[in-house]
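Each remark here refers to the structure printed beneath this line.
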Amino acid sequence: MTKQWISDYIKAQKAAHDSIPVEGVAELIEHLRLAVKADKHIFVFGNGGSAANSSHFATDLGKGASDKVGKRFRVISLTDNVSWMTALGNDYAYEDIFVGQLQNYGQPGDLALGISVSGNSPNCVKALMWAKEHGLRTFGMVGAKRGRMAEVAERVLVINDTHYGRVEDSQMAICHMLCYAFMENPDWAK
């Protein structure tokens, strides 16, 4: 019984990974390449497991990829400043925890990447809307339900599953691809 459940889970995870949109990932790699060349900021954000993926991505791009490229990716995970997020959530609303930070830092030409399984996280939707209105390039990584983020973001990478664990694992795989693209091909950033 347990072994069958594990086998079924792995099979479903492989299907989720197989749904990673290769063209969309390639396009995002190109936008990251342009961002590092132009010294633009890359803002990434999400909730729960997606917040953890955001932090992990910022670490890998900001340290690992930057070390290999020899030029620093100006990447910030908006999930990492707990005191700022709680101040914004307390004084305004929880949906303002990311947009409040973007208002301080976001500039035209920067890149905003929202990560969500449902695609309906109000704080991610609001941040992407603000970013788009203020000339930032907007990307969303979402699950099969797509949600509002898919309507707001300029580019959307959809994992064809609704299971939170499988979608988050596939989204982290994309994040690793985005970073390892530069770690393994540092000339791409030149």
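Chain labels A, B, ... are given in the sequence in which chains occur in the structure tokens; within each chain residues are numbered consecutively from 1, and ligands are likewise numbered from 1 in the order shown.
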
Item checked: Exercise: Lys145 of chain A partners within 8 Å, only C-alpha atoms, chain neighbours under 6 positions left out, as a list in words -> Val117, Ser118, Gly119 and Thr162 of chain A

Could the residues of segment 105-145 of chain A that have an atom at most 7 Å from segment 33-46 of chain A be listed as CSV, each with its closest atom pair and the distance in Å to one decimal, counting only C-alpha atoms and ordered by chain and ascending residue number?
```
residue,atom,partner,partner_atom,distance
A:Gly109,CA,A:Lys40,CA,6.7
A:Asp110,CA,A:His41,CA,5.0
A:Leu111,CA,A:Ile42,CA,4.7
A:Ala112,CA,A:Phe43,CA,4.7
A:Leu113,CA,A:Val44,CA,4.7
A:Gly114,CA,A:Phe45,CA,5.1
A:Ile115,CA,A:Gly46,CA,4.9
A:Ser116,CA,A:Gly46,CA,5.9
A:Cys124,CA,A:Gly46,CA,6.5
```

Residues from last step as file, all heavy atoms, as an mmCIF file, in the first residue's frame:
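Written out: selection13.cif:
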```cif
data_model
loop_
_atom_site.group_PDB
_atom_site.id
_atom_site.type_symbol
_atom_site.label_atom_id
_atom_site.label_comp_id
_atom_site.auth_asym_id
_atom_site.auth_seq_id
_atom_site.Cartn_x
_atom_site.Cartn_y
_atom_site.Cartn_z
ATOM 1 N N GLY A 109 11.861 48.724 -16.002
ATOM 2 C CA GLY A 109 12.882 47.829 -16.530
ATOM 3 C C GLY A 109 13.311 46.745 -15.565
ATOM 4 O O GLY A 109 13.955 45.774 -15.966
ATOM 5 N N ASP A 110 12.986 46.897 -14.271
ATOM 6 C CA ASP A 110 13.253 45.828 -13.310
ATOM 7 C C ASP A 110 12.328 44.657 -13.617
ATOM 8 O O ASP A 110 11.403 44.769 -14.419
ATOM 9 C CB ASP A 110 13.006 46.302 -11.870
ATOM 10 C CG ASP A 110 14.050 47.292 -11.363
ATOM 11 O OD1 ASP A 110 15.139 47.374 -11.950
ATOM 12 O OD2 ASP A 110 13.761 47.986 -10.361
ATOM 13 N N LEU A 111 12.567 43.539 -12.958
ATOM 14 C CA LEU A 111 11.786 42.334 -13.198
ATOM 15 C C LEU A 111 11.086 41.911 -11.906
ATOM 16 O O LEU A 111 11.717 41.886 -10.858
ATOM 17 C CB LEU A 111 12.731 41.226 -13.677
ATOM 18 C CG LEU A 111 12.121 40.011 -14.328
ATOM 19 C CD1 LEU A 111 13.092 39.455 -15.362
ATOM 20 C CD2 LEU A 111 11.816 38.957 -13.301
ATOM 21 N N ALA A 112 9.798 41.605 -11.983
ATOM 22 C CA ALA A 112 9.028 41.117 -10.837
ATOM 23 C C ALA A 112 8.529 39.711 -11.154
ATOM 24 O O ALA A 112 7.873 39.498 -12.179
ATOM 25 C CB ALA A 112 7.853 42.042 -10.538
ATOM 26 N N LEU A 113 8.845 38.763 -10.263
ATOM 27 C CA LEU A 113 8.448 37.371 -10.446
ATOM 28 C C LEU A 113 7.621 36.923 -9.256
ATOM 29 O O LEU A 113 8.130 36.817 -8.148
ATOM 30 C CB LEU A 113 9.698 36.489 -10.579
ATOM 31 C CG LEU A 113 9.494 34.970 -10.556
ATOM 32 C CD1 LEU A 113 8.591 34.518 -11.705
ATOM 33 C CD2 LEU A 113 10.840 34.259 -10.607
ATOM 34 N N GLY A 114 6.335 36.685 -9.490
ATOM 35 C CA GLY A 114 5.443 36.178 -8.455
ATOM 36 C C GLY A 114 5.291 34.677 -8.590
ATOM 37 O O GLY A 114 5.110 34.170 -9.696
ATOM 38 N N ILE A 115 5.376 33.971 -7.460
ATOM 39 C CA ILE A 115 5.261 32.514 -7.455
ATOM 40 C C ILE A 115 4.067 32.119 -6.590
ATOM 41 O O ILE A 115 3.964 32.551 -5.442
ATOM 42 C CB ILE A 115 6.548 31.847 -6.915
ATOM 43 C CG1 ILE A 115 7.781 32.307 -7.702
ATOM 44 C CG2 ILE A 115 6.416 30.330 -6.951
ATOM 45 C CD1 ILE A 115 9.101 31.790 -7.145
ATOM 46 N N SER A 116 3.164 31.313 -7.139
ATOM 47 C CA SER A 116 1.968 30.888 -6.414
ATOM 48 C C SER A 116 1.414 29.630 -7.063
ATOM 49 O O SER A 116 1.457 29.508 -8.295
ATOM 50 C CB SER A 116 0.915 31.998 -6.456
ATOM 51 O OG SER A 116 -0.324 31.578 -5.941
ATOM 52 N N CYS A 124 0.368 38.793 -4.101
ATOM 53 C CA CYS A 124 1.122 38.602 -5.340
ATOM 54 C C CYS A 124 0.444 39.301 -6.516
ATOM 55 O O CYS A 124 1.104 39.941 -7.341
ATOM 56 C CB CYS A 124 1.283 37.114 -5.638
ATOM 57 S SG CYS A 124 2.336 36.224 -4.482
#
```

Notebook entry, point to check: Residues at most 10 Å from Glu184 of chain A, counting only C-alpha atoms, excluding those fewer than 6 positions away in the same chain, as a list in words?
Noted result: Ala65, Lys68, Val69 and Met177 of chain A

Notebook entry, point to check: Where does DSSP see helix (DSSP H, G or I) in chain A, if you list the residues as a ChimeraX atom specification?
Noted result: /A:2-18,22-38,49-69,82-91,94-96,99-105,122-133,147-152,164-184,186-189

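These are the residues of chain A assigned strand (DSSP E) by DSSP from backbone coordinates: His41, Ile42, Phe43, Val44, Phe45, Gly46, Arg74, Val75, Ile76, Ser77, Leu111, Ala112, Leu113, Gly114, Ile115, Arg137, Thr138, Phe139, Gly140, Met141, Val142, Arg155, Val156, Leu157 and Val158 of chain A.
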
Margin query: Here is a test: counting only C-alpha atoms, which residue of A:Glu95, A:Lys63, A:Ser55, A:Cys179 is nearest to Ile76 of chain A?
Written below: A:Ser55

List every residue of segment 150-179 of chain A that has an atom at most 10 Å from any atom of segment 4-28 of chain A, and for each one report the closest atom pair and its distance in Å to one decimal, counting only C-alpha atoms, with rows sorted by chain and then by increasing residue number, as a tab-separated table.
```
residue	atom	partner	partner_atom	distance
A:Arg155	CA	A:Gly24	CA	7.6
A:Val156	CA	A:Gly24	CA	7.4
A:Leu157	CA	A:Gly24	CA	5.9
A:Val158	CA	A:Pro21	CA	7.0
A:Ile159	CA	A:Ser19	CA	5.7
A:Asn160	CA	A:Ser19	CA	5.7
A:Asp161	CA	A:Ala16	CA	6.1
A:Thr162	CA	A:Ala16	CA	9.4
A:His163	CA	A:Ala16	CA	9.3
A:Gly165	CA	A:Gln13	CA	8.9
A:Arg166	CA	A:Gln13	CA	5.6
A:Val167	CA	A:Ala16	CA	6.8
A:Glu168	CA	A:Ala16	CA	9.9
A:Asp169	CA	A:Gln13	CA	8.2
A:Ser170	CA	A:His17	CA	5.4
A:Gln171	CA	A:Ile20	CA	8.3
A:Ala173	CA	A:His17	CA	8.0
A:Ile174	CA	A:Val25	CA	7.0
A:Cys175	CA	A:Val25	CA	9.1
A:Met177	CA	A:Val25	CA	7.9
A:Leu178	CA	A:Val25	CA	7.3
```

Next item on the list: Compare A:Ile29, A:Ala127, A:Leu102, A:Leu136 by their minimum atom-to-atom distance to Asn185 of chain A, counting only C-alpha atoms, and give me the closest one.
Entry: A:Ile29

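Note that atom CA of Asn123 of chain A and atom CA of Thr138 of chain A are 14.3 Å apart.
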
Check: At what distance in Å, to one decimal, does atom CA of Asn104 of chain A lie from atom CA of Ala87 of chain A?
Finding: 14.3 Å

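Take the candidates A:Glu154, A:Asp96, A:Asp187, A:Asp60 and check each one against Leu78 of chain A using only C-alpha atoms; the shortest distance goes to A:Asp96.
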
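Closest approach to Ser66 of chain A from the set A:Pro186, A:Arg137, A:Arg148, A:Asn81 is made by A:Pro186, with distances taken over only C-alpha atoms.
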
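In this comparison, which uses only C-alpha atoms, the residue of A:Leu32, A:Ala58, A:Ala93, A:Ala144 approaching Ala181 of chain A most closely is A:Leu32.
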
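Using only C-alpha atoms for every distance, the candidate list A:Met141, A:Val82, A:Ala153, A:Ile97 yields A:Met141 as the residue closest to Asn53 of chain A.
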